[in-house]
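Participant: File query08.cif below, mmCIF, C-alpha atoms:
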```cif
data_model
loop_
_atom_site.group_PDB
_atom_site.id
_atom_site.type_symbol
_atom_site.label_atom_id
_atom_site.label_comp_id
_atom_site.auth_asym_id
_atom_site.auth_seq_id
_atom_site.Cartn_x
_atom_site.Cartn_y
_atom_site.Cartn_z
ATOM 1 C CA GLU A 1 84.153 -62.751 -0.086
ATOM 2 C CA THR A 2 81.846 -60.757 2.211
ATOM 3 C CA ASN A 3 83.993 -60.450 5.337
ATOM 4 C CA ILE A 4 84.861 -56.786 5.850
ATOM 5 C CA PRO A 5 88.564 -56.209 6.631
ATOM 6 C CA ASP A 6 89.721 -53.911 9.413
ATOM 7 C CA ARG A 7 91.351 -51.615 6.857
ATOM 8 C CA ILE A 8 89.935 -50.841 3.428
ATOM 9 C CA HIS A 9 91.991 -49.514 0.528
ATOM 10 C CA GLN A 10 89.800 -47.320 -1.653
ATOM 11 C CA GLY A 11 90.749 -47.507 -5.326
ATOM 12 C CA LEU A 12 89.025 -44.194 -6.174
ATOM 13 C CA CYS A 13 89.354 -40.588 -5.074
ATOM 14 C CA VAL A 14 87.031 -39.782 -2.154
ATOM 15 C CA PHE A 15 85.896 -36.153 -2.031
ATOM 16 C CA ASP A 16 84.304 -34.168 0.768
ATOM 17 C CA TYR A 17 81.110 -32.551 -0.538
ATOM 18 C CA MET A 18 81.781 -29.216 1.168
ATOM 19 C CA GLU A 19 85.540 -28.941 0.744
ATOM 20 C CA ASP A 20 86.131 -30.684 -2.602
ATOM 21 C CA HIS A 21 82.990 -29.774 -4.536
ATOM 22 C CA ARG A 22 84.821 -28.092 -7.417
ATOM 23 C CA THR A 23 87.254 -30.990 -7.826
ATOM 24 C CA ALA A 24 84.439 -33.535 -7.810
ATOM 25 C CA MET A 25 82.588 -31.584 -10.505
ATOM 26 C CA LYS A 26 85.781 -31.541 -12.573
ATOM 27 C CA TYR A 27 86.008 -35.313 -12.315
ATOM 28 C CA ARG A 28 82.386 -35.600 -13.381
ATOM 29 C CA SER A 29 82.935 -33.360 -16.400
ATOM 30 C CA GLU A 30 85.915 -35.526 -17.384
ATOM 31 C CA ASP A 31 83.875 -38.753 -17.138
ATOM 32 C CA LEU A 32 85.919 -40.138 -14.247
ATOM 33 C CA PRO A 33 84.472 -42.125 -11.313
ATOM 34 C CA PHE A 34 84.710 -40.887 -7.722
ATOM 35 C CA ILE A 35 83.073 -41.032 -4.306
ATOM 36 C CA VAL A 36 81.644 -37.964 -2.585
ATOM 37 C CA ARG A 37 80.674 -38.005 1.077
ATOM 38 C CA ASN A 38 79.625 -35.755 3.959
ATOM 39 C CA ARG A 39 76.710 -34.074 2.198
ATOM 40 C CA PRO A 40 74.530 -32.835 5.093
ATOM 41 C CA GLU A 41 71.148 -33.716 3.507
ATOM 42 C CA ILE A 42 72.302 -37.248 2.709
ATOM 43 C CA LEU A 43 73.699 -37.774 6.195
ATOM 44 C CA GLY A 44 70.354 -36.647 7.599
ATOM 45 C CA THR A 45 68.539 -39.222 5.461
ATOM 46 C CA VAL A 46 71.022 -41.930 6.504
ATOM 47 C CA ASN A 47 70.295 -41.155 10.149
ATOM 48 C CA LYS A 48 66.519 -41.399 9.622
ATOM 49 C CA TRP A 49 66.776 -44.630 7.639
ATOM 50 C CA HIS A 50 68.643 -46.278 10.520
ATOM 51 C CA GLN A 51 65.794 -45.568 12.924
ATOM 52 C CA ASP A 52 63.656 -48.622 13.697
ATOM 53 C CA GLY A 53 60.528 -48.681 11.580
ATOM 54 C CA TYR A 54 61.312 -45.566 9.526
ATOM 55 C CA ILE A 55 61.621 -47.296 6.135
ATOM 56 C CA ALA A 56 58.619 -49.501 6.861
ATOM 57 C CA LYS A 57 56.540 -46.407 7.645
ATOM 58 C CA MET A 58 57.434 -44.944 4.233
ATOM 59 C CA LEU A 59 56.847 -48.089 2.188
ATOM 60 C CA ASP A 60 54.119 -49.938 4.095
ATOM 61 C CA ASP A 61 51.242 -48.776 1.908
ATOM 62 C CA PRO A 62 48.641 -51.545 1.320
ATOM 63 C CA THR A 63 47.583 -49.848 -1.925
ATOM 64 C CA ARG A 64 51.080 -49.843 -3.406
ATOM 65 C CA THR A 65 53.142 -52.755 -4.704
ATOM 66 C CA TYR A 66 56.783 -52.844 -5.725
ATOM 67 C CA LEU A 67 58.820 -54.945 -8.119
ATOM 68 C CA MET A 68 60.624 -57.836 -6.402
ATOM 69 C CA HIS A 69 63.367 -59.800 -8.134
ATOM 70 C CA ALA A 70 64.009 -63.416 -7.111
ATOM 71 C CA SER A 71 66.962 -65.612 -8.083
ATOM 72 C CA GLU A 72 68.113 -69.135 -7.268
ATOM 73 C CA THR A 73 71.638 -67.752 -6.761
ATOM 74 C CA PRO A 74 72.946 -64.511 -5.215
ATOM 75 C CA ASN A 75 73.857 -63.303 -8.720
ATOM 76 C CA PHE A 76 71.450 -60.807 -10.270
ATOM 77 C CA LEU A 77 71.720 -59.572 -13.832
ATOM 78 C CA TYR A 78 69.504 -57.795 -16.308
ATOM 79 C CA TRP A 79 67.682 -59.859 -18.931
ATOM 80 C CA ASP A 80 65.219 -59.049 -21.684
ATOM 81 C CA MET A 81 63.457 -61.842 -23.593
ATOM 82 C CA THR A 82 62.529 -59.442 -26.411
ATOM 83 C CA ARG A 83 66.160 -59.484 -27.523
ATOM 84 C CA GLU A 84 66.844 -60.981 -30.944
ATOM 85 C CA GLU A 85 69.019 -63.902 -29.889
ATOM 86 C CA TYR A 86 69.080 -66.260 -26.953
ATOM 87 C CA PRO A 87 70.423 -69.795 -26.556
ATOM 88 C CA ASP A 88 68.221 -72.860 -26.927
ATOM 89 C CA ASN A 89 66.532 -73.798 -23.655
ATOM 90 C CA TYR A 90 67.486 -70.391 -22.212
ATOM 91 C CA VAL A 91 66.048 -69.818 -18.745
ATOM 92 C CA PRO A 92 65.954 -66.232 -17.381
ATOM 93 C CA PRO A 93 68.292 -65.879 -14.382
ATOM 94 C CA SER A 94 65.590 -64.352 -12.192
ATOM 95 C CA THR A 95 61.846 -63.826 -11.904
ATOM 96 C CA THR A 96 59.849 -60.739 -10.981
ATOM 97 C CA GLN A 97 56.547 -60.056 -9.283
ATOM 98 C CA ARG A 98 54.667 -57.120 -7.773
ATOM 99 C CA ILE A 99 54.537 -57.338 -4.003
ATOM 100 C CA THR A 100 53.772 -55.175 -0.966
ATOM 101 C CA TYR A 101 56.553 -54.160 1.389
ATOM 102 C CA PRO A 102 55.360 -56.371 4.303
ATOM 103 C CA GLU A 103 55.121 -59.349 1.934
ATOM 104 C CA TYR A 104 58.687 -58.718 0.788
ATOM 105 C CA LEU A 105 59.999 -58.487 4.366
ATOM 106 C CA LYS A 106 58.260 -61.752 5.220
ATOM 107 C CA LEU A 107 60.040 -63.505 2.343
ATOM 108 C CA ALA A 108 63.393 -61.926 3.181
ATOM 109 C CA ALA A 109 63.088 -63.024 6.813
ATOM 110 C CA THR A 110 62.882 -66.669 5.740
ATOM 111 C CA PHE A 111 66.139 -66.537 3.754
ATOM 112 C CA ASN A 112 68.578 -69.393 4.266
ATOM 113 C CA GLU A 113 71.246 -71.206 2.263
ATOM 114 C CA THR A 114 68.672 -73.175 0.254
ATOM 115 C CA SER A 115 66.090 -70.460 -0.373
ATOM 116 C CA LYS A 116 65.823 -67.969 -3.195
ATOM 117 C CA HIS A 117 67.559 -64.598 -3.090
ATOM 118 C CA TYR A 118 65.478 -61.432 -3.244
ATOM 119 C CA TYR A 119 65.721 -57.710 -3.693
ATOM 120 C CA LEU A 120 63.052 -55.020 -3.875
ATOM 121 C CA PHE A 121 63.036 -52.313 -6.541
ATOM 122 C CA VAL A 122 61.109 -49.191 -5.558
ATOM 123 C CA GLU A 123 60.535 -46.263 -7.910
ATOM 124 C CA GLY A 124 58.403 -43.193 -8.408
ATOM 125 C CA PHE A 125 58.249 -39.786 -10.112
ATOM 126 C CA TRP A 126 58.237 -36.107 -9.243
ATOM 127 C CA SER A 127 56.862 -33.582 -11.705
ATOM 128 C CA THR A 128 56.997 -29.811 -11.470
ATOM 129 C CA SER A 129 53.903 -29.493 -13.658
ATOM 130 C CA ASP A 130 51.671 -32.429 -12.641
ATOM 131 C CA LEU A 131 50.713 -32.640 -8.968
ATOM 132 C CA ASN A 132 49.627 -36.260 -9.446
ATOM 133 C CA PHE A 133 53.258 -37.234 -9.840
ATOM 134 C CA ARG A 134 54.945 -36.109 -6.640
ATOM 135 C CA TRP A 135 56.242 -39.215 -4.877
ATOM 136 C CA TYR A 136 56.846 -38.576 -1.188
ATOM 137 C CA MET A 137 60.220 -40.383 -1.278
ATOM 138 C CA PHE A 138 61.656 -37.347 -3.066
ATOM 139 C CA ASP A 139 61.426 -35.496 0.250
ATOM 140 C CA GLU A 140 64.243 -37.802 1.417
ATOM 141 C CA PHE A 141 66.377 -36.660 -1.536
ATOM 142 C CA PRO A 142 65.412 -33.068 -2.439
ATOM 143 C CA MET A 143 68.581 -32.695 -4.531
ATOM 144 C CA PHE A 144 67.084 -35.121 -7.072
ATOM 145 C CA LYS A 145 63.987 -33.039 -7.730
ATOM 146 C CA PRO A 146 63.715 -31.787 -11.359
ATOM 147 C CA LYS A 147 64.991 -28.353 -12.324
ATOM 148 C CA ASN A 148 67.379 -28.491 -9.362
ATOM 149 C CA VAL A 149 70.883 -27.753 -10.691
ATOM 150 C CA ASP A 150 73.061 -29.947 -8.521
ATOM 151 C CA MET A 151 76.002 -32.352 -8.606
ATOM 152 C CA PHE A 152 73.487 -35.118 -7.835
ATOM 153 C CA ASN A 153 71.023 -34.148 -10.589
ATOM 154 C CA GLU A 154 72.170 -33.494 -14.143
ATOM 155 C CA VAL A 155 68.745 -33.898 -15.793
ATOM 156 C CA VAL A 156 67.674 -30.271 -15.483
ATOM 157 C CA HIS A 157 66.154 -29.753 -18.945
ATOM 158 C CA ILE A 158 62.899 -31.651 -18.271
ATOM 159 C CA ASP A 159 60.168 -31.050 -15.690
ATOM 160 C CA TYR A 160 60.099 -34.564 -14.195
ATOM 161 C CA GLN A 161 62.509 -36.993 -12.591
ATOM 162 C CA LYS A 162 62.428 -40.659 -11.563
ATOM 163 C CA LEU A 163 63.852 -41.826 -8.251
ATOM 164 C CA HIS A 164 64.642 -45.501 -7.736
ATOM 165 C CA CYS A 165 65.836 -47.431 -4.687
ATOM 166 C CA LYS A 166 66.975 -51.019 -4.160
ATOM 167 C CA PHE A 167 66.610 -52.909 -0.891
ATOM 168 C CA HIS A 168 68.459 -56.101 0.060
ATOM 169 C CA ASN A 169 67.244 -57.390 3.429
ATOM 170 C CA ASN A 170 68.862 -60.375 5.127
ATOM 171 C CA GLN A 171 70.745 -60.845 1.841
ATOM 172 C CA LYS A 172 74.460 -60.535 2.597
ATOM 173 C CA GLY A 173 76.367 -61.544 -0.517
ATOM 174 C CA ALA A 174 73.718 -60.384 -3.005
ATOM 175 C CA HIS A 175 75.615 -59.626 -6.178
ATOM 176 C CA ALA A 176 74.968 -57.492 -9.273
ATOM 177 C CA VAL A 177 77.053 -59.046 -12.059
ATOM 178 C CA MET A 178 79.566 -56.735 -13.756
ATOM 179 C CA HIS A 179 77.988 -54.759 -16.597
ATOM 180 C CA PHE A 180 77.904 -51.330 -18.184
ATOM 181 C CA ASP A 181 75.052 -48.822 -18.536
ATOM 182 C CA SER A 182 74.760 -46.282 -21.332
ATOM 183 C CA GLY A 183 73.696 -43.676 -18.778
ATOM 184 C CA SER A 184 75.819 -42.500 -15.896
ATOM 185 C CA ASN A 185 74.995 -43.567 -12.329
ATOM 186 C CA LEU A 186 75.224 -41.715 -9.034
ATOM 187 C CA ILE A 187 74.529 -44.354 -6.401
ATOM 188 C CA VAL A 188 73.756 -43.125 -2.887
ATOM 189 C CA LEU A 189 74.196 -45.776 -0.188
ATOM 190 C CA LEU A 190 71.859 -45.392 2.800
ATOM 191 C CA GLN A 191 72.325 -48.664 4.673
ATOM 192 C CA GLY A 192 75.015 -51.324 4.874
ATOM 193 C CA GLN A 193 78.271 -51.628 2.968
ATOM 194 C CA ARG A 194 78.826 -52.581 -0.653
ATOM 195 C CA ARG A 195 81.934 -53.757 -2.486
ATOM 196 C CA ILE A 196 82.182 -52.345 -5.994
ATOM 197 C CA LEU A 197 84.563 -53.369 -8.745
ATOM 198 C CA LEU A 198 85.022 -50.796 -11.514
ATOM 199 C CA ALA A 199 86.633 -51.318 -14.909
ATOM 200 C CA ASP A 200 87.025 -48.588 -17.509
ATOM 201 C CA PRO A 201 85.607 -49.140 -21.028
ATOM 202 C CA THR A 202 89.004 -50.094 -22.478
ATOM 203 C CA GLN A 203 88.708 -53.404 -20.582
ATOM 204 C CA CYS A 204 85.665 -54.405 -22.639
ATOM 205 C CA SER A 205 87.449 -56.983 -24.800
ATOM 206 C CA LYS A 206 88.775 -58.779 -21.698
ATOM 207 C CA LEU A 207 85.396 -59.132 -19.995
ATOM 208 C CA GLU A 208 83.885 -61.787 -22.279
ATOM 209 C CA LEU A 209 80.528 -60.034 -22.487
ATOM 210 C CA HIS A 210 77.333 -61.649 -23.630
ATOM 211 C CA ARG A 211 77.073 -60.891 -27.329
ATOM 212 C CA ALA A 212 74.815 -58.182 -28.675
ATOM 213 C CA GLY A 213 71.281 -59.547 -28.969
ATOM 214 C CA HIS A 214 71.601 -61.829 -25.930
ATOM 215 C CA PRO A 215 68.948 -61.295 -23.201
ATOM 216 C CA SER A 216 71.722 -60.286 -20.764
ATOM 217 C CA VAL A 217 73.640 -58.077 -23.180
ATOM 218 C CA ARG A 218 76.082 -55.667 -21.459
ATOM 219 C CA HIS A 219 76.962 -58.243 -18.752
ATOM 220 C CA THR A 220 80.150 -60.225 -18.355
ATOM 221 C CA THR A 221 80.251 -64.016 -18.397
ATOM 222 C CA LEU A 222 83.366 -64.082 -16.189
ATOM 223 C CA ASP A 223 83.364 -65.517 -12.669
ATOM 224 C CA PHE A 224 85.370 -63.017 -10.637
ATOM 225 C CA ASP A 225 85.906 -65.555 -7.873
ATOM 226 C CA ASN A 226 87.700 -67.814 -10.334
ATOM 227 C CA LEU A 227 89.513 -65.554 -12.787
ATOM 228 C CA ASP A 228 92.186 -67.083 -14.990
ATOM 229 C CA PRO A 229 95.545 -66.225 -13.355
ATOM 230 C CA SER A 230 96.822 -65.182 -16.777
ATOM 231 C CA SER A 231 94.054 -62.581 -17.209
ATOM 232 C CA THR A 232 95.291 -59.027 -17.802
ATOM 233 C CA LEU A 233 91.934 -57.504 -16.829
ATOM 234 C CA MET A 234 92.390 -54.393 -14.685
ATOM 235 C CA PHE A 235 89.798 -52.939 -12.330
ATOM 236 C CA ASN A 236 89.478 -50.835 -9.179
ATOM 237 C CA GLU A 237 87.879 -51.896 -5.915
ATOM 238 C CA VAL A 238 86.034 -49.698 -3.431
ATOM 239 C CA VAL A 239 83.809 -50.321 -0.410
ATOM 240 C CA THR A 240 81.092 -47.721 0.055
ATOM 241 C CA GLN A 241 79.678 -46.698 3.424
ATOM 242 C CA PRO A 242 76.293 -45.198 4.371
ATOM 243 C CA GLY A 243 76.244 -41.611 3.125
ATOM 244 C CA ASP A 244 78.650 -42.265 0.243
ATOM 245 C CA ALA A 245 77.613 -41.308 -3.281
ATOM 246 C CA LEU A 246 79.494 -43.187 -6.006
ATOM 247 C CA TYR A 247 79.617 -41.609 -9.460
ATOM 248 C CA ILE A 248 79.949 -44.149 -12.304
ATOM 249 C CA PRO A 249 80.331 -42.587 -15.779
ATOM 250 C CA SER A 250 78.520 -43.866 -18.856
ATOM 251 C CA TYR A 251 79.879 -47.144 -20.240
ATOM 252 C CA TRP A 252 82.069 -47.908 -17.209
ATOM 253 C CA PHE A 253 81.766 -51.489 -15.998
ATOM 254 C CA HIS A 254 80.640 -52.054 -12.412
ATOM 255 C CA ASP A 255 80.061 -55.076 -10.189
ATOM 256 C CA LEU A 256 78.391 -54.736 -6.771
ATOM 257 C CA THR A 257 78.288 -57.096 -3.782
ATOM 258 C CA SER A 258 76.409 -56.516 -0.522
ATOM 259 C CA LEU A 259 78.726 -56.919 2.467
ATOM 260 C CA SER A 260 75.953 -56.419 5.026
ATOM 261 C CA ASP A 261 72.707 -58.251 5.741
ATOM 262 C CA ASP A 262 70.651 -55.140 5.010
ATOM 263 C CA VAL A 263 71.569 -52.757 2.187
ATOM 264 C CA ALA A 264 69.633 -49.815 0.756
ATOM 265 C CA GLN A 265 70.709 -47.556 -2.101
ATOM 266 C CA CYS A 266 69.005 -44.923 -4.230
ATOM 267 C CA GLY A 267 69.629 -42.990 -7.422
ATOM 268 C CA ALA A 268 67.842 -41.017 -10.116
ATOM 269 C CA TRP A 269 67.655 -40.708 -13.880
ATOM 270 C CA SER A 270 70.797 -39.385 -15.520
ATOM 271 C CA THR A 271 72.018 -38.537 -18.991
ATOM 272 C CA ALA A 272 74.452 -40.457 -21.152
ATOM 273 C CA THR A 273 77.830 -39.073 -22.178
ATOM 274 C CA MET A 274 79.302 -40.261 -25.468
ATOM 275 C CA ASN A 275 83.044 -40.086 -24.689
ATOM 276 C CA HIS A 276 83.384 -43.847 -24.194
ATOM 277 C CA LYS A 277 80.703 -45.095 -26.597
ATOM 278 C CA PRO A 278 83.113 -45.645 -29.553
ATOM 279 C CA ILE A 279 85.202 -48.003 -27.384
ATOM 280 C CA ILE A 280 82.124 -50.074 -26.546
ATOM 281 C CA GLN A 281 81.091 -50.118 -30.206
ATOM 282 C CA GLN A 282 84.543 -51.341 -31.236
ATOM 283 C CA CYS A 283 84.013 -54.149 -28.725
ATOM 284 C CA GLY A 284 80.985 -55.288 -30.716
ATOM 285 C CA HIS A 285 78.116 -53.599 -28.889
ATOM 286 C CA PHE A 286 76.415 -51.330 -31.402
ATOM 287 C CA GLY A 287 73.378 -49.195 -30.732
ATOM 288 C CA LEU A 288 73.892 -49.123 -26.946
#
```
Render the structure in this file as structure tokens.

Facilitator:
Amino acid sequence: ETNIPDRIHQGLCVFDYMEDHRTAMKYRSEDLPFIVRNRPEILGTVNKWHQDGYIAKMLDDPTRTYLMHASETPNFLYWDMTREEYPDNYVPPSTTQRITYPEYLKLAATFNETSKHYYLFVEGFWSTSDLNFRWYMFDEFPMFKPKNVDMFNEVVHIDYQKLHCKFHNNQKGAHAVMHFDSGSNLIVLLQGQRRILLADPTQCSKLELHRAGHPSVRHTTLDFDNLDPSSTLMFNEVVTQPGDALYIPSYWFHDLTSLSDDVAQCGAWSTATMNHKPIIQQCGHFGL
């Protein structure tokens, strides 16, 4: 369902960056998810990214290509064919190719009910010691620069950082299937609205995950639009707005759906906390 209701119940605590900073940091230290909003630098970037042509000016570099994912359905999920086990006649759920930003926009503009679904993955580095690795996109998110001790950047022990952004254009309903990551995520939404379902690691056994060794390990096989009425699975639901930063701890399950035609989000490398790893291992996912 991608129709946005008039009123939205947020299933997580929402903190003001200026007024609730200490509380938000406490939640982060306790490995609990939350939303933080009203950070001035982020709001400034949101404003710029809503100006006509601003994103295109940043990304329209004929010498640079980006990774585009394409799928026959709106459902996107990670896959890795180097995994040890995969079913007979297995077909990867998406394809990838390097493409320029104008080429991507041209494809996205032709989207209809029978065409493929696309999203663009953009990434780059900033190094404090190597001037050849100073991607200009970091100027949009100075809090992510390495060595910067900040709620938004916990990787302060190395001299480089990777920034990554995802763009869904003309792709309302694009869906990242519920999964967990071993590293934490702090997802900053710049454009559009996204619906996120969150389940804590104790729900692992109820999510019917692909087995360890499968190309799409860490992802659920459940269809959340057609859950068994007898399911006891519990999860939270939130809808993020431009300027919101959603913190997702390590090993928490998350499922994301674009509620707007155009969606843009960014994040950076983070560390992994081990508090929930034993629960995931008990669920049959070792070495993750």

Participant: Applying 10 Å and all atoms listed in the file, which residues near Asp61 of chain A remain after dropping the ones on its own chain fewer than 4 positions away? List them as a PDB file with C-alpha atoms, in the frame of the given file.

Facilitator:
```pdb
ATOM      1  CA  ALA A  56      58.619 -49.501   6.861  1.00  0.00           C
ATOM      2  CA  LYS A  57      56.540 -46.407   7.645  1.00  0.00           C
ATOM      3  CA  THR A  65      53.142 -52.755  -4.704  1.00  0.00           C
ATOM      4  CA  THR A 100      53.772 -55.175  -0.966  1.00  0.00           C
ATOM      5  CA  TYR A 101      56.553 -54.160   1.389  1.00  0.00           C
ATOM      6  CA  PRO A 102      55.360 -56.371   4.303  1.00  0.00           C
TER       7      PRO A 102
END
```

Participant: The PyMOL selection byres ((chain A and resi 254-259) around 9) on the file shown: which residues, as a PyMOL selection string?

Facilitator: chain A and resi 1-4+168+171-181+192-200+239+248+252-253+260-263

Participant: Taking the file above as input, evaluate the PyMOL selection byres ((chain A and resi 93) around 8) and report the hits as a PyMOL selection string.

Facilitator: chain A and resi 71-72+76-77+79+91-92+94-95

Participant: Box in all listed atoms of segment 56-61 of chain A, axis-aligned, with 4 Å more on each side; write out centre and edge lengths in Å to one decimal as AutoDock Vina command-line options.

Facilitator:
```
--center_x 54.9 --center_y -47.4 --center_z 4.8 --size_x 15.4 --size_y 13.0 --size_z 13.7
```

Participant: Given the file shown, determine the residues that the PyMOL selection byres ((chain A and resi 208) around 6) selects; report them as an MDAnalysis selection string.

Facilitator: chainID A and resid 206:207 209 220:221

Participant: Can you list, as a ChimeraX atom specification, every protein, DNA or RNA residue that comes within 12 Å of Phe15 of chain A when you count all atoms listed in the file, leaving out same-chain residues fewer than 4 positions away?

Facilitator: /A:10,19-28,33-39,244-247

Participant: Determine the nearest neighbour of Pro74 of chain A from the options A:Glu113, A:Asp52, A:Asp16, A:Asp139, counting only C-alpha atoms.

Facilitator: A:Glu113

Participant: Skip segment 131-138 of chain A itself and residues of its chain fewer than 5 positions away, then list as a list of chain:residue names all residues within 10 Å of it, counting all atoms listed in the file.

Facilitator: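 Here the qualifying residues turn out to be A:Met58, A:Leu59, A:Val122, A:Glu123, A:Gly124, A:Phe125, A:Trp126, A:Met143, A:Phe144, A:Lys145, A:Tyr160, A:Gln161, A:Lys162, A:Leu163, A:His164, A:Cys165.
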
Participant: Residues at most 10 Å from Asn153 of chain A, counting all atoms listed in the file, excluding those fewer than 4 positions away in the same chain, as a PDB file with C-alpha atoms, in the frame of the given file?

Facilitator:
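Once everything was written out, this is around.pdb:
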```
ATOM      1  CA  PRO A 142      65.412 -33.068  -2.439  1.00  0.00           C
ATOM      2  CA  MET A 143      68.581 -32.695  -4.531  1.00  0.00           C
ATOM      3  CA  PHE A 144      67.084 -35.121  -7.072  1.00  0.00           C
ATOM      4  CA  LYS A 145      63.987 -33.039  -7.730  1.00  0.00           C
ATOM      5  CA  PRO A 146      63.715 -31.787 -11.359  1.00  0.00           C
ATOM      6  CA  LYS A 147      64.991 -28.353 -12.324  1.00  0.00           C
ATOM      7  CA  ASN A 148      67.379 -28.491  -9.362  1.00  0.00           C
ATOM      8  CA  VAL A 149      70.883 -27.753 -10.691  1.00  0.00           C
ATOM      9  CA  GLN A 161      62.509 -36.993 -12.591  1.00  0.00           C
ATOM     10  CA  LEU A 186      75.224 -41.715  -9.034  1.00  0.00           C
ATOM     11  CA  GLY A 267      69.629 -42.990  -7.422  1.00  0.00           C
ATOM     12  CA  ALA A 268      67.842 -41.017 -10.116  1.00  0.00           C
ATOM     13  CA  TRP A 269      67.655 -40.708 -13.880  1.00  0.00           C
ATOM     14  CA  SER A 270      70.797 -39.385 -15.520  1.00  0.00           C
ATOM     15  CA  THR A 271      72.018 -38.537 -18.991  1.00  0.00           C
TER      16      THR A 271
END
```

Participant: With distances taken over all atoms listed in the file, which of A:Tyr251, A:Asn170, A:His214, A:Lys48 is nearest to Ala109 of chain A?

Facilitator: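 Looking at the shortest contact to Ala109 of chain A, the residue is A:Asn170.
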
Participant: With only C-alpha atoms as the atoms that count, which of A:Pro229, A:Val188, A:Gly243, A:Ile99 lies nearest to Pro62 of chain A?

Facilitator: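 The answer is A:Ile99, which sits nearest to Pro62 of chain A.
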
Participant: Grab the atom CA of Phe111 of chain A to atom CA of Pro5 of chain A distance for me, in Å with one decimal place.

Facilitator: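 Taking atom CA of Phe111 of chain A as the start and atom CA of Pro5 of chain A as the end point, the length is 24.9 Å.
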
Participant: Using Å and a single decimal, report how far atom CA of Thr273 of chain A sits from atom CA of Ser205 of chain A.

Facilitator: 20.5 Å

Participant: Using all atoms listed in the file, find the one residue out of A:Leu12, A:Ala108, A:Met151, A:Leu189 that sits nearest to Cys266 of chain A.

Facilitator: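 Nearest to Cys266 of chain A: A:Leu189.
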
Participant: Looking at A:Cys204, A:Leu32, A:Val217, A:Ile158, which one is nearest to Ile279 of chain A, with distances taken over only C-alpha atoms?

Facilitator: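 For Ile279 of chain A, the nearest of the candidates is A:Cys204.
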
Participant: Would you output segment 106-110 of chain A from that structure, restricted to all heavy atoms, as a compact mmCIF listing (two decimals), in the first residue's frame?

Facilitator:
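This is the output file part13.txt:
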```txt
# COMPACT_ATOMS: atom_id res chain seq x y z
N LYS A 106 16.68 8.80 -18.12
CA LYS A 106 15.93 8.48 -19.33
C LYS A 106 15.17 7.17 -19.16
O LYS A 106 14.00 7.05 -19.55
CB LYS A 106 16.88 8.39 -20.52
CG LYS A 106 16.19 8.17 -21.86
CD LYS A 106 17.19 8.18 -23.01
CE LYS A 106 16.49 7.96 -24.35
NZ LYS A 106 17.47 7.99 -25.48
N LEU A 107 15.81 6.17 -18.54
CA LEU A 107 15.15 4.90 -18.29
C LEU A 107 14.01 5.07 -17.29
O LEU A 107 12.91 4.54 -17.47
CB LEU A 107 16.15 3.88 -17.76
CG LEU A 107 17.02 3.16 -18.78
CD1 LEU A 107 18.04 2.28 -18.07
CD2 LEU A 107 16.17 2.32 -19.72
N ALA A 108 14.28 5.81 -16.21
CA ALA A 108 13.26 6.00 -15.18
C ALA A 108 12.04 6.73 -15.72
O ALA A 108 10.90 6.47 -15.31
CB ALA A 108 13.86 6.77 -14.00
N ALA A 109 12.25 7.63 -16.66
CA ALA A 109 11.14 8.41 -17.22
C ALA A 109 10.19 7.55 -18.04
O ALA A 109 9.04 7.91 -18.25
CB ALA A 109 11.68 9.56 -18.07
N THR A 110 10.68 6.40 -18.52
CA THR A 110 9.84 5.53 -19.35
C THR A 110 9.11 4.48 -18.52
O THR A 110 8.44 3.61 -19.07
CB THR A 110 10.70 4.80 -20.39
OG1 THR A 110 11.65 3.94 -19.72
CG2 THR A 110 11.46 5.79 -21.25
```
